[in-house]
Each structure stands twice: as structure tokens, then as C-alpha cells.
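J.: Contents of start.txt (compact mmCIF, C-alpha atoms) are given next:
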# COMPACT_ATOMS: atom_id res chain seq x y z
CA MET A 1 -236.02 -63.74 102.44
CA ILE A 2 -233.48 -61.05 103.10
CA SER A 3 -233.57 -58.86 99.97
CA ASN A 4 -229.83 -59.22 99.26
CA GLU A 5 -230.06 -63.04 99.36
CA LEU A 6 -233.19 -62.96 97.17
CA ASN A 7 -231.38 -60.83 94.59
CA ILE A 8 -228.42 -63.20 94.60
CA LEU A 9 -230.65 -66.25 94.08
CA ASN A 10 -232.80 -64.55 91.43
CA GLU A 11 -229.68 -63.55 89.50
CA GLY A 12 -228.45 -67.15 89.35
CA GLY A 13 -226.46 -67.16 92.57
CA PHE A 14 -226.51 -69.58 95.47
CA PHE A 15 -227.22 -69.71 99.16
CA ILE A 16 -224.80 -72.04 100.95
CA LYS A 17 -225.09 -73.06 104.59
CA ASN A 18 -222.67 -75.47 106.23
CA ASN A 19 -223.74 -77.63 109.19
CA VAL A 20 -227.39 -77.08 108.34
CA LEU A 21 -228.74 -80.09 110.27
CA PRO A 22 -228.20 -80.57 114.01
CA GLN A 23 -225.75 -83.42 114.64
CA THR A 24 -228.35 -85.84 116.05
CA LEU A 25 -230.66 -85.36 113.06
CA TYR A 26 -227.72 -85.62 110.66
CA ASN A 27 -226.65 -88.92 112.28
CA ASN A 28 -230.22 -90.25 111.99
CA VAL A 29 -230.29 -89.39 108.28
CA ILE A 30 -226.96 -91.17 107.72
CA GLN A 31 -228.34 -94.30 109.42
CA TYR A 32 -231.55 -94.08 107.37
CA PHE A 33 -229.51 -94.38 104.16
CA ASN A 34 -228.50 -97.90 105.26
CA LYS A 35 -232.14 -99.05 105.19
CA LYS A 36 -233.47 -100.95 102.21
CA ASP A 37 -236.76 -99.10 101.60
CA PHE A 38 -235.54 -96.82 98.81
CA GLU A 39 -237.38 -97.00 95.48
CA GLU A 40 -235.29 -98.06 92.49
CA THR A 41 -235.73 -95.43 89.76
CA TYR A 42 -233.87 -93.04 87.49
CA GLN A 43 -233.63 -89.35 86.74
CA PRO A 44 -235.33 -87.59 85.11
CA GLU A 45 -238.39 -89.53 86.24
CA ASN A 46 -240.79 -87.70 83.94
CA ILE A 47 -239.17 -89.10 80.77
CA PHE A 48 -239.70 -92.71 79.68
CA TYR A 49 -236.55 -94.79 79.25
CA GLY A 50 -236.39 -98.50 78.39
CA ASN A 51 -234.48 -99.12 81.61
CA LYS A 52 -232.73 -97.14 84.33
CA TYR A 53 -229.31 -97.51 82.69
CA GLN A 54 -230.39 -95.35 79.75
CA ALA A 55 -230.81 -92.47 82.22
CA TYR A 56 -229.28 -91.57 85.59
CA PRO A 57 -229.93 -94.63 87.80
CA CYS A 58 -230.71 -93.90 91.43
CA TYR A 59 -232.65 -94.94 94.50
CA GLN A 60 -235.02 -92.52 96.22
CA LYS A 61 -237.16 -92.15 99.29
CA HIS A 62 -239.71 -89.32 99.30
CA ILE A 63 -240.20 -87.76 102.73
CA HIS A 64 -243.54 -86.02 103.43
CA SER A 65 -243.38 -85.54 107.20
CA GLY A 66 -241.25 -86.13 110.27
CA ASP A 67 -238.30 -84.49 111.98
CA LEU A 68 -236.15 -84.05 108.87
CA TYR A 69 -239.00 -82.60 106.79
CA ASP A 70 -240.07 -80.23 109.57
CA PHE A 71 -236.55 -79.05 110.29
CA ILE A 72 -235.70 -78.31 106.65
CA LYS A 73 -239.01 -76.50 106.12
CA THR A 74 -238.30 -74.37 109.21
CA ILE A 75 -234.80 -73.48 107.95
CA LEU A 76 -236.18 -72.56 104.53
CA LYS A 77 -238.91 -70.37 106.05
CA LYS A 78 -236.12 -68.24 107.52
CA ILE A 79 -234.67 -67.75 104.03
CA ILE A 80 -237.79 -67.54 101.84
CA ASP A 81 -240.48 -65.00 102.69
CA LYS A 82 -243.35 -66.53 100.66
CA ASP A 83 -245.65 -69.44 101.42
CA PHE A 84 -244.36 -72.58 99.73
CA ASN A 85 -244.77 -76.31 99.44
CA LEU A 86 -241.74 -78.51 100.00
CA ALA A 87 -240.89 -81.76 98.23
CA LEU A 88 -238.08 -83.66 99.98
CA THR A 89 -236.25 -86.71 98.66
CA LEU A 90 -233.40 -88.83 99.96
CA ARG A 91 -231.36 -89.98 96.98
CA LYS A 92 -228.49 -92.41 96.58
CA VAL A 93 -226.55 -93.31 93.46
CA TYR A 94 -224.30 -96.36 93.20
CA SER A 95 -221.08 -95.78 91.25
CA GLU A 96 -221.21 -99.35 89.91
CA GLU A 97 -224.65 -98.75 88.35
CA LEU A 98 -223.74 -95.30 87.06
CA LEU A 99 -220.71 -96.76 85.26
CA LYS A 100 -223.07 -99.15 83.42
CA SER A 101 -225.38 -96.32 82.38
CA LYS A 102 -225.35 -93.91 79.44
CA VAL A 103 -224.56 -91.19 82.00
CA ASN A 104 -221.22 -92.68 83.02
CA THR A 105 -219.23 -89.45 83.22
CA LYS A 106 -218.45 -87.08 86.07
CA TYR A 107 -221.39 -84.83 85.13
CA GLY A 108 -224.89 -86.26 85.23
CA LEU A 109 -227.74 -85.15 83.02
CA LYS A 110 -227.90 -81.37 82.70
CA HIS A 111 -231.39 -80.17 83.57
CA LYS A 112 -233.62 -77.53 85.13
CA ASP A 113 -236.13 -78.26 87.86
CA ASP A 114 -239.81 -77.33 87.64
CA SER A 115 -239.63 -75.71 91.07
CA ASP A 116 -239.13 -72.10 92.07
CA PHE A 117 -236.06 -73.07 94.10
CA ALA A 118 -234.19 -76.32 94.59
CA GLY A 119 -231.44 -77.50 96.82
CA VAL A 120 -229.26 -80.31 97.96
CA ILE A 121 -227.73 -81.29 101.27
CA SER A 122 -224.64 -83.40 100.74
CA LEU A 123 -223.82 -86.26 103.06
CA ASP A 124 -220.36 -87.02 101.65
CA GLN A 125 -217.11 -85.11 101.47
CA THR A 126 -215.51 -85.52 98.07
CA VAL A 127 -212.82 -83.78 96.10
CA ASP A 128 -214.61 -84.35 92.80
CA GLY A 129 -218.33 -84.51 93.59
CA GLY A 130 -221.11 -82.03 94.25
CA THR A 131 -223.30 -80.03 91.88
CA ALA A 132 -222.32 -78.35 88.61
CA PHE A 133 -224.07 -75.23 87.36
CA TYR A 134 -224.28 -74.03 83.76
CA TYR A 135 -225.19 -70.70 82.23
CA ASN A 136 -226.71 -72.22 79.07
CA GLU A 137 -228.15 -75.58 78.14
CA CYS A 138 -225.58 -75.96 75.36
CA ASP A 139 -222.54 -75.37 77.63
CA LYS A 140 -220.32 -78.43 77.59
CA TYR A 141 -218.59 -77.56 80.86
CA PRO A 142 -220.06 -75.94 83.96
CA ASP A 143 -219.52 -72.32 84.95
CA ILE A 144 -219.11 -73.37 88.56
CA GLU A 145 -219.11 -76.48 90.71
CA ILE A 146 -220.04 -76.47 94.36
CA GLY A 147 -218.33 -79.35 96.09
CA ALA A 148 -220.02 -81.93 98.23
CA PHE A 149 -219.28 -81.52 101.91
CA PRO A 150 -221.09 -83.32 104.74
CA ASN A 151 -224.14 -81.42 105.99
CA ARG A 152 -223.75 -78.55 103.48
CA MET A 153 -226.92 -77.11 101.98
CA VAL A 154 -226.83 -75.46 98.57
CA LEU A 155 -229.96 -73.54 97.57
CA TYR A 156 -230.41 -72.26 94.00
CA ARG A 157 -233.03 -71.15 91.50
CA GLY A 158 -234.89 -74.20 90.16
CA LYS A 159 -234.71 -72.90 86.59
CA ARG A 160 -230.90 -72.78 86.66
CA TRP A 161 -229.19 -75.40 84.48
CA HIS A 162 -227.36 -77.89 86.71
CA ALA A 163 -226.15 -81.47 86.96
CA PRO A 164 -224.87 -83.77 89.67
CA CYS A 165 -221.09 -84.28 89.84
CA HIS A 166 -220.22 -87.86 90.70
CA ASP A 167 -217.01 -88.83 92.47
CA TYR A 168 -216.31 -92.42 91.43
CA THR A 169 -213.94 -92.95 94.37
CA PHE A 170 -217.12 -93.41 96.44
CA ASN A 171 -219.30 -96.50 96.14
CA ILE A 172 -222.46 -94.49 96.87
CA ARG A 173 -223.35 -90.82 96.42
CA LYS A 174 -225.83 -89.83 99.15
CA ASN A 175 -227.74 -86.58 99.42
CA ILE A 176 -230.99 -84.93 100.36
CA CYS A 177 -232.72 -83.15 97.47
CA PHE A 178 -235.48 -80.63 98.02
CA PHE A 179 -237.75 -78.56 95.82
CA ILE A 180 -239.65 -75.41 96.76
CA PHE A 181 -242.90 -74.49 95.01
CA TYR A 182 -244.54 -71.14 95.73
CA LYS A 183 -248.22 -71.39 96.66
In C-alpha cells, what does this structure look like?
T.:
Amino acid sequence: MISNELNILNEGGFFIKNNVLPQTLYNNVIQYFNKKDFEETYQPENIFYGNKYQAYPCYQKHIHSGDLYDFIKTILKKIIDKDFNLALTLRKVYSEELLKSKVNTKYGLKHKDDSDFAGVISLDQTVDGGTAFYYNECDKYPDIEIGAFPNRMVLYRGKRWHAPCHDYTFNIRKNICFFIFYK
């Protein structure tokens, strides 16, 4: 990674790239979200809840290979100068289900990821959605929000407190989540 970008990310900053996916690949991803083979689940997955409505209900599809996986890994190799493993997930959240859940506010569950870096590629353009970032776990409101914009990648330190921002004017929030683990 370019040392200036590495310093920014290590100090809690962000790397933002618009139009990250080529248009054909982006269009294929959009069409894939219309398929029915997403797994019904919730976030955080590693905590037991009685049902998905006690957490952040969502639908996910883990991607381990293919054009999308290869392209994102290639882009990230240009940014990160260490060997890493990539976990890639397509995620969609239905506003109707989120409203029924215990996480029925604009900000989802505040959390850190177990990865060295994490990121999201938004597929929607909203005025009130995106990702919120916090300085401390106990902060009630975020320090900064980065808005959702189609085909925008936001890369950040995995250990940074963050939460999804949900725009309820959309029926479905769609994004690509990825996690980078140093080897």
C-alpha cells in the first residue's frame, strides 16, 4: 500500500474509490441480487439470538471465487502490500424486516470486525444510508457517516467501530461486504 494511504487507514481514516467495478461486472452483480439463493441470517452471526429479529436481519451470499471475487482481490492488491485472504459477501437487508427487529433505527448494531481491514461497496444511492463510524464503543452518535453511492468502495480498519446506516425509503439495502485478513 502507498505509505500515505496506509497511515491514513491505520489512524482510523478511510480509502474511498468511486466506480470501483467495471460497468459490466457491476450490472451482473445487480442482477445477481434478484436471485433467490441468499441465506437467511442475521448480524452478528457469531452471537446466538432466539430469532433474526432480535438482531440485524439480513440475507447473505458468500462468494469464494469467480469474476467479482477475482476483480476485488486484484483491486485490493494494488492498495494493500501484504499477502492476505479475502472474505466476500453479498448482503441485502429488507426494510420491512428491519422495522420488525430490535435494530429498527437508522443505525444498525455498532461493532468491530475481526479482520485487519474491512470494506463495503454500495449498490444504492441514498441520502440517509451508508456506513457510520464511531470513535468509541460508547458513542451514541457517529463521528462520521459515509453515504451510500452506487459502485462506491469504502475501505477501513476492521477494528474501527462502525454500523450500517439504513435508509428506510428503500425496500432493500444492497451491498458487497469484504474482509481482509493478513496471512
J.: Enter the distance from CA of Asn27 in chain A to CA of Glu97 in chain A, in Å, rounded to one decimal.
T.: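 Interatomic distance, CA of Asn27 in chain A to CA of Glu97 in chain A: 25.9 Å.
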J.: Counting all atoms listed in the file, what is within 7 Å of range 141-156 of chain A, bar same-chain residues fewer than 5 positions away, as a list in words?
T.: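 Final neighbour list, sorted by chain and number: Leu9, Gly13, Phe14, Phe15, Ile16, Lys17, Asn18, Asn19, Val20, Leu21, Phe117, Ala118, Gly119, Val120, Ile121, Ser122, Leu123, Asp124, Gln125, Thr126, Gly129, Gly130, Thr131, Ala132, Phe133, Tyr134 and Tyr135 of chain A.
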J.: Report, in Å to a single decimal, how far apart CA of Tyr42 in chain A and CA of Tyr59 in chain A are.
T.: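 Atom-to-atom, CA of Tyr59 in chain A and CA of Tyr42 in chain A are spaced 7.4 Å apart.
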J.: Hey, which of A:Phe38, A:Phe179, A:Phe71, A:Tyr56 ends up closest to Lys110 in chain A? Count only C-alpha atoms.
T.: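 For Lys110 in chain A, the nearest of the candidates is A:Tyr56.
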J.: Pick from A:Thr74, A:Thr89, A:Gln43, A:Gln31: nearest to His62 in chain A, with only C-alpha atoms counted?
T.: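 Nearest to His62 in chain A: A:Thr89.
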J.: Using only C-alpha atoms, can you tell me which of A:Val127, A:Ile72, A:Ile176, A:Val103 comes closest to Pro57 in chain A?
T.: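 Once distances to Pro57 in chain A are computed over only C-alpha atoms, the minimum belongs to A:Val103.
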J.: Would you compute the distance between CA of Asn34 in chain A and CA of Lys174 in chain A? Give it in Å to one decimal.
T.: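 Separating CA of Asn34 in chain A from CA of Lys174 in chain A is a distance of 10.5 Å.
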J.: Need to verify the contact set: Lys183 in chain A, 12 Å, all atoms listed in the file, exclusion of same-chain residues closer than 4 positions in sequence. Can you return it as a ChimeraX atom specification?
T.: /A:81-86,115-116
J.: From the list A:Lys106, A:Asn46, A:Tyr182, A:Asp67, which residue is nearest Leu25 in chain A when using only C-alpha atoms?
T.: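 Residue with the minimum atom-to-atom distance to Leu25 in chain A: A:Asp67.
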J.: Find the residues near Arg173 in chain A: any atom within 7 Å, counting only C-alpha atoms, skip ones fewer than 6 places away on the same chain, and give them as a list in words.
T.: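 Listed by chain and then number, they are Lys92, Val93 and Tyr94 of chain A.
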J.: Just checking: using all atoms listed in the file, which residue out of A:Ser101, A:Asn136, A:Thr24, A:Asn175 ends up closest to Leu88 in chain A?
T.: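 Under the stated criterion, the closest residue is A:Asn175.
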